[in-house]
file start05.tsv (TSV, C-alpha atoms)
chain	number	residue	atom	x	y	z
A	44	MET	CA	17.29	-31.16	-4.99
A	45	ASP	CA	17.87	-31.35	-1.29
A	46	SER	CA	16.38	-28.26	0.28
A	47	PHE	CA	16.16	-29.36	3.89
A	48	VAL	CA	18.25	-27.68	6.55
A	49	GLN	CA	19.16	-29.76	9.57
A	50	ASN	CA	16.92	-28.83	12.50
A	51	PRO	CA	18.76	-29.25	15.82
A	52	ARG	CA	15.54	-29.68	17.81
A	53	GLY	CA	14.60	-32.87	16.02
A	54	ARG	CA	11.33	-31.45	14.72
A	55	ARG	CA	10.17	-31.35	11.17
A	56	PRO	CA	13.12	-30.32	8.95
A	57	GLN	CA	13.29	-26.66	8.00
A	58	ILE	CA	13.01	-25.81	4.34
A	59	ASP	CA	15.84	-23.85	2.77
A	60	ASP	CA	14.41	-20.46	1.78
A	61	THR	CA	17.71	-19.00	0.55
A	62	PRO	CA	16.34	-18.06	-2.90
A	63	ILE	CA	13.57	-15.99	-1.31
A	64	GLN	CA	15.88	-14.36	1.23
A	65	ASP	CA	18.39	-13.51	-1.52
A	66	PHE	CA	15.59	-11.96	-3.59
A	67	ILE	CA	14.32	-9.89	-0.65
A	68	ILE	CA	17.82	-8.60	0.16
A	69	TYR	CA	18.48	-7.81	-3.50
A	70	LEU	CA	15.28	-5.74	-3.75
A	71	GLU	CA	16.12	-3.86	-0.57
A	72	LYS	CA	19.63	-2.99	-1.77
A	73	THR	CA	18.72	-2.10	-5.35
A	74	PRO	CA	18.11	1.64	-5.88
A	75	ALA	CA	14.63	2.67	-6.99
A	76	ASP	CA	15.86	3.96	-10.34
A	77	GLN	CA	17.09	0.46	-11.22
A	78	TRP	CA	13.56	-0.88	-11.43
A	79	ALA	CA	14.35	-3.11	-14.42
A	80	LYS	CA	16.83	-5.05	-12.29
A	81	LYS	CA	14.12	-5.57	-9.67
A	82	ALA	CA	11.73	-6.93	-12.30
A	83	ASP	CA	14.49	-9.16	-13.69
A	84	ALA	CA	15.22	-10.53	-10.20
A	85	PHE	CA	11.55	-11.42	-9.63
A	86	GLU	CA	11.33	-13.05	-13.06
A	87	LYS	CA	14.51	-15.02	-12.37
A	88	LEU	CA	13.17	-16.23	-9.01
A	89	VAL	CA	9.92	-17.45	-10.57
A	90	ALA	CA	11.75	-18.96	-13.55
A	91	SER	CA	13.75	-21.08	-11.09
A	92	ILE	CA	10.56	-22.84	-9.99
A	93	PRO	CA	10.23	-26.08	-11.95
A	94	ASN	CA	7.08	-27.26	-13.69
A	95	PRO	CA	4.65	-28.61	-11.04
A	96	ALA	CA	4.50	-31.99	-12.78
A	97	ASN	CA	8.25	-32.45	-12.24
A	98	VAL	CA	8.27	-31.94	-8.46
A	99	GLN	CA	5.43	-34.06	-7.13
A	100	GLY	CA	6.15	-35.33	-3.66
A	101	THR	CA	9.04	-32.98	-2.93
A	102	ILE	CA	8.97	-30.16	-0.42
A	103	GLU	CA	10.87	-27.09	-1.54
A	104	TRP	CA	10.53	-23.38	-0.79
A	105	PHE	CA	8.13	-23.00	-3.73
A	106	SER	CA	5.81	-25.74	-2.48
A	107	ASP	CA	5.49	-24.56	1.12
A	108	PRO	CA	2.74	-21.98	1.73
A	109	ARG	CA	4.47	-20.69	4.87
A	110	ILE	CA	7.71	-19.98	3.02
A	111	LEU	CA	5.99	-18.37	0.03
A	112	ARG	CA	4.34	-15.85	2.38
A	113	HIS	CA	7.76	-14.27	2.90
A	114	LEU	CA	7.43	-12.80	-0.59
A	115	ALA	CA	4.35	-10.73	0.27
A	116	VAL	CA	6.08	-7.48	1.27
A	117	SER	CA	8.48	-7.56	-1.67
A	118	ILE	CA	5.79	-8.34	-4.23
A	119	GLY	CA	3.58	-5.66	-2.69
A	120	ALA	CA	6.37	-3.11	-3.10
A	121	LEU	CA	6.78	-4.06	-6.77
A	122	LEU	CA	3.05	-3.72	-7.37
A	123	LYS	CA	2.90	-0.31	-5.66
A	124	ASP	CA	5.75	1.15	-7.69
A	125	SER	CA	4.90	4.23	-9.75
A	126	ARG	CA	6.49	2.81	-12.92
A	127	SER	CA	3.76	1.15	-14.95
A	128	THR	CA	6.24	-1.09	-16.79
A	129	LEU	CA	7.51	-2.52	-13.51
A	130	VAL	CA	3.95	-3.09	-12.29
A	131	LYS	CA	3.00	-4.78	-15.57
A	132	ARG	CA	6.03	-7.07	-15.51
A	133	SER	CA	5.41	-7.86	-11.84
A	134	CYS	CA	1.77	-8.76	-12.55
A	135	GLU	CA	2.84	-11.05	-15.40
A	136	THR	CA	5.42	-12.69	-13.14
A	137	CYS	CA	2.83	-13.10	-10.38
A	138	THR	CA	0.63	-14.93	-12.88
A	139	GLN	CA	3.49	-17.32	-13.61
A	140	LEU	CA	4.08	-17.75	-9.88
A	141	TRP	CA	0.41	-18.64	-9.25
A	142	ASN	CA	0.42	-21.06	-12.19
A	143	LYS	CA	3.56	-22.82	-10.98
A	144	CYS	CA	2.77	-22.88	-7.25
A	145	GLY	CA	-1.00	-23.35	-7.47
A	146	PRO	CA	-2.72	-23.77	-4.12
A	147	ASP	CA	0.61	-23.52	-2.29
A	148	ALA	CA	0.53	-19.76	-2.99
A	149	ARG	CA	-2.89	-19.30	-1.38
A	150	TYR	CA	-1.60	-17.54	1.75
A	151	LEU	CA	0.72	-15.36	-0.30
A	152	LEU	CA	-2.22	-14.22	-2.41
A	153	LYS	CA	-4.22	-13.60	0.77
A	154	ASP	CA	-1.36	-11.50	2.15
A	155	ILE	CA	-1.01	-9.30	-0.93
A	156	MET	CA	-4.74	-8.92	-1.60
A	157	PRO	CA	-4.98	-5.70	0.51
A	158	VAL	CA	-2.22	-4.19	-1.64
A	159	ILE	CA	-4.01	-5.18	-4.83
A	160	LEU	CA	-7.32	-3.79	-3.60
A	161	GLY	CA	-5.63	-0.59	-2.44
A	162	ILE	CA	-4.06	-0.08	-5.85
A	163	HIS	CA	-7.41	-0.72	-7.50
A	164	ALA	CA	-9.15	1.83	-5.27
A	165	GLN	CA	-6.46	4.40	-6.00
A	166	THR	CA	-6.83	3.83	-9.75
A	167	VAL	CA	-10.59	4.27	-9.54
A	168	GLN	CA	-10.13	7.56	-7.66
A	169	VAL	CA	-7.73	8.87	-10.29
A	170	ILE	CA	-10.13	7.95	-13.11
A	171	ARG	CA	-13.06	9.48	-11.26
A	172	LYS	CA	-11.20	12.79	-10.72
A	173	TYR	CA	-10.16	12.85	-14.36
A	174	VAL	CA	-13.75	12.28	-15.56
A	175	GLN	CA	-15.15	14.91	-13.20
A	176	ASN	CA	-12.73	17.58	-14.42

call {"tool": "encode", "arguments": {"input": "start05.tsv", "output": "structure tokens"}}
result
Amino acid sequence: MDSFVQNPRGRRPQIDDTPIQDFIIYLEKTPADQWAKKADAFEKLVASIPNPANVQGTIEWFSDPRILRHLAVSIGALLKDSRSTLVKRSCETCTQLWNKCGPDARYLLKDIMPVILGIHAQTVQVIRKYVQN
């Protein structure tokens, strides 16, 4: 798999992030009521990442922390969706992403942590109001 794009400045080659850009565009263009298609697209993206043992020594979009960070806004939107099935599927897919990318996803996790904590705080508030009433 050759994922390098020729860099005209002679610096370090740029990594082809087409799969991530295609995913981001697809999510933006897909209507909210087609949430299953959004979950399928995320699952397909993560399924395209090979087993870590099979890619040692290669640099692809899924092994570059800087490139993986581009997923933060899209994953955050999936996690904030009001449909619990979409959120559940997205969480399961995130788990697969972390398992496949390992430490390369550290900045991505850092970027989406505020979203995760915000969702958690919102859930606690809902439970608290329910218990108090």

call {"tool": "atom_distance", "arguments": {"input": "start05.tsv", "atom1": "atom CA of Thr166 of chain A", "atom2": "atom CA of Arg132 of chain A"}}
result
17.8 Å

call {"tool": "closest_residue", "arguments": {"input": "start05.tsv", "among": "A:Pro62, A:Ile155, A:Val167, A:Trp78", "to": "Ser117 of chain A", "atoms": "all atoms listed in the file"}}
result
A:Ile155

call {"tool": "atom_distance", "arguments": {"input": "start05.tsv", "atom1": "atom CA of Cys144 of chain A", "atom2": "atom CA of Ala79 of chain A"}}
result
24.0 Å

call {"tool": "closest_residue", "arguments": {"input": "start05.tsv", "among": "A:Asn94, A:Gln175, A:Asn142, A:Gln64", "to": "Val116 of chain A", "atoms": "all atoms listed in the file"}}
result
A:Gln64

call {"tool": "atom_distance", "arguments": {"input": "start05.tsv", "atom1": "atom CA of Val89 of chain A", "atom2": "atom CA of Ser106 of chain A"}}
result
12.3 Å

call {"tool": "closest_residue", "arguments": {"input": "start05.tsv", "among": "A:Gly119, A:Thr128, A:Asn176, A:Thr136", "to": "Ile162 of chain A", "atoms": "all atoms listed in the file"}}
result
A:Gly119

call {"tool": "residues_near_point", "arguments": {"input": "start05.tsv", "point": "(10.5, -17.3, -9.7)", "cutoff": "10 Å", "atoms": "all atoms listed in the file", "output": "PyMOL selection string"}}
result
chain A and resi 62-63+66+83-93+105+136-137+139-140+143-144

call {"tool": "closest_residue", "arguments": {"input": "start05.tsv", "among": "A:Ile58, A:Leu70, A:Leu160, A:Ala82", "to": "Leu129 of chain A", "atoms": "all atoms listed in the file"}}
result
A:Ala82

call {"tool": "residues_near_point", "arguments": {"input": "start05.tsv", "point": "(2.5, -22.2, 4.9)", "cutoff": "9 Å", "atoms": "only C-alpha atoms", "output": "MDAnalysis selection string"}}
result
chainID A and resid 106:112 147:151

call {"tool": "closest_residue", "arguments": {"input": "start05.tsv", "among": "A:Ser133, A:Asp124, A:Asp60, A:Glu103", "to": "Asp76 of chain A", "atoms": "all atoms listed in the file"}}
result
A:Asp124
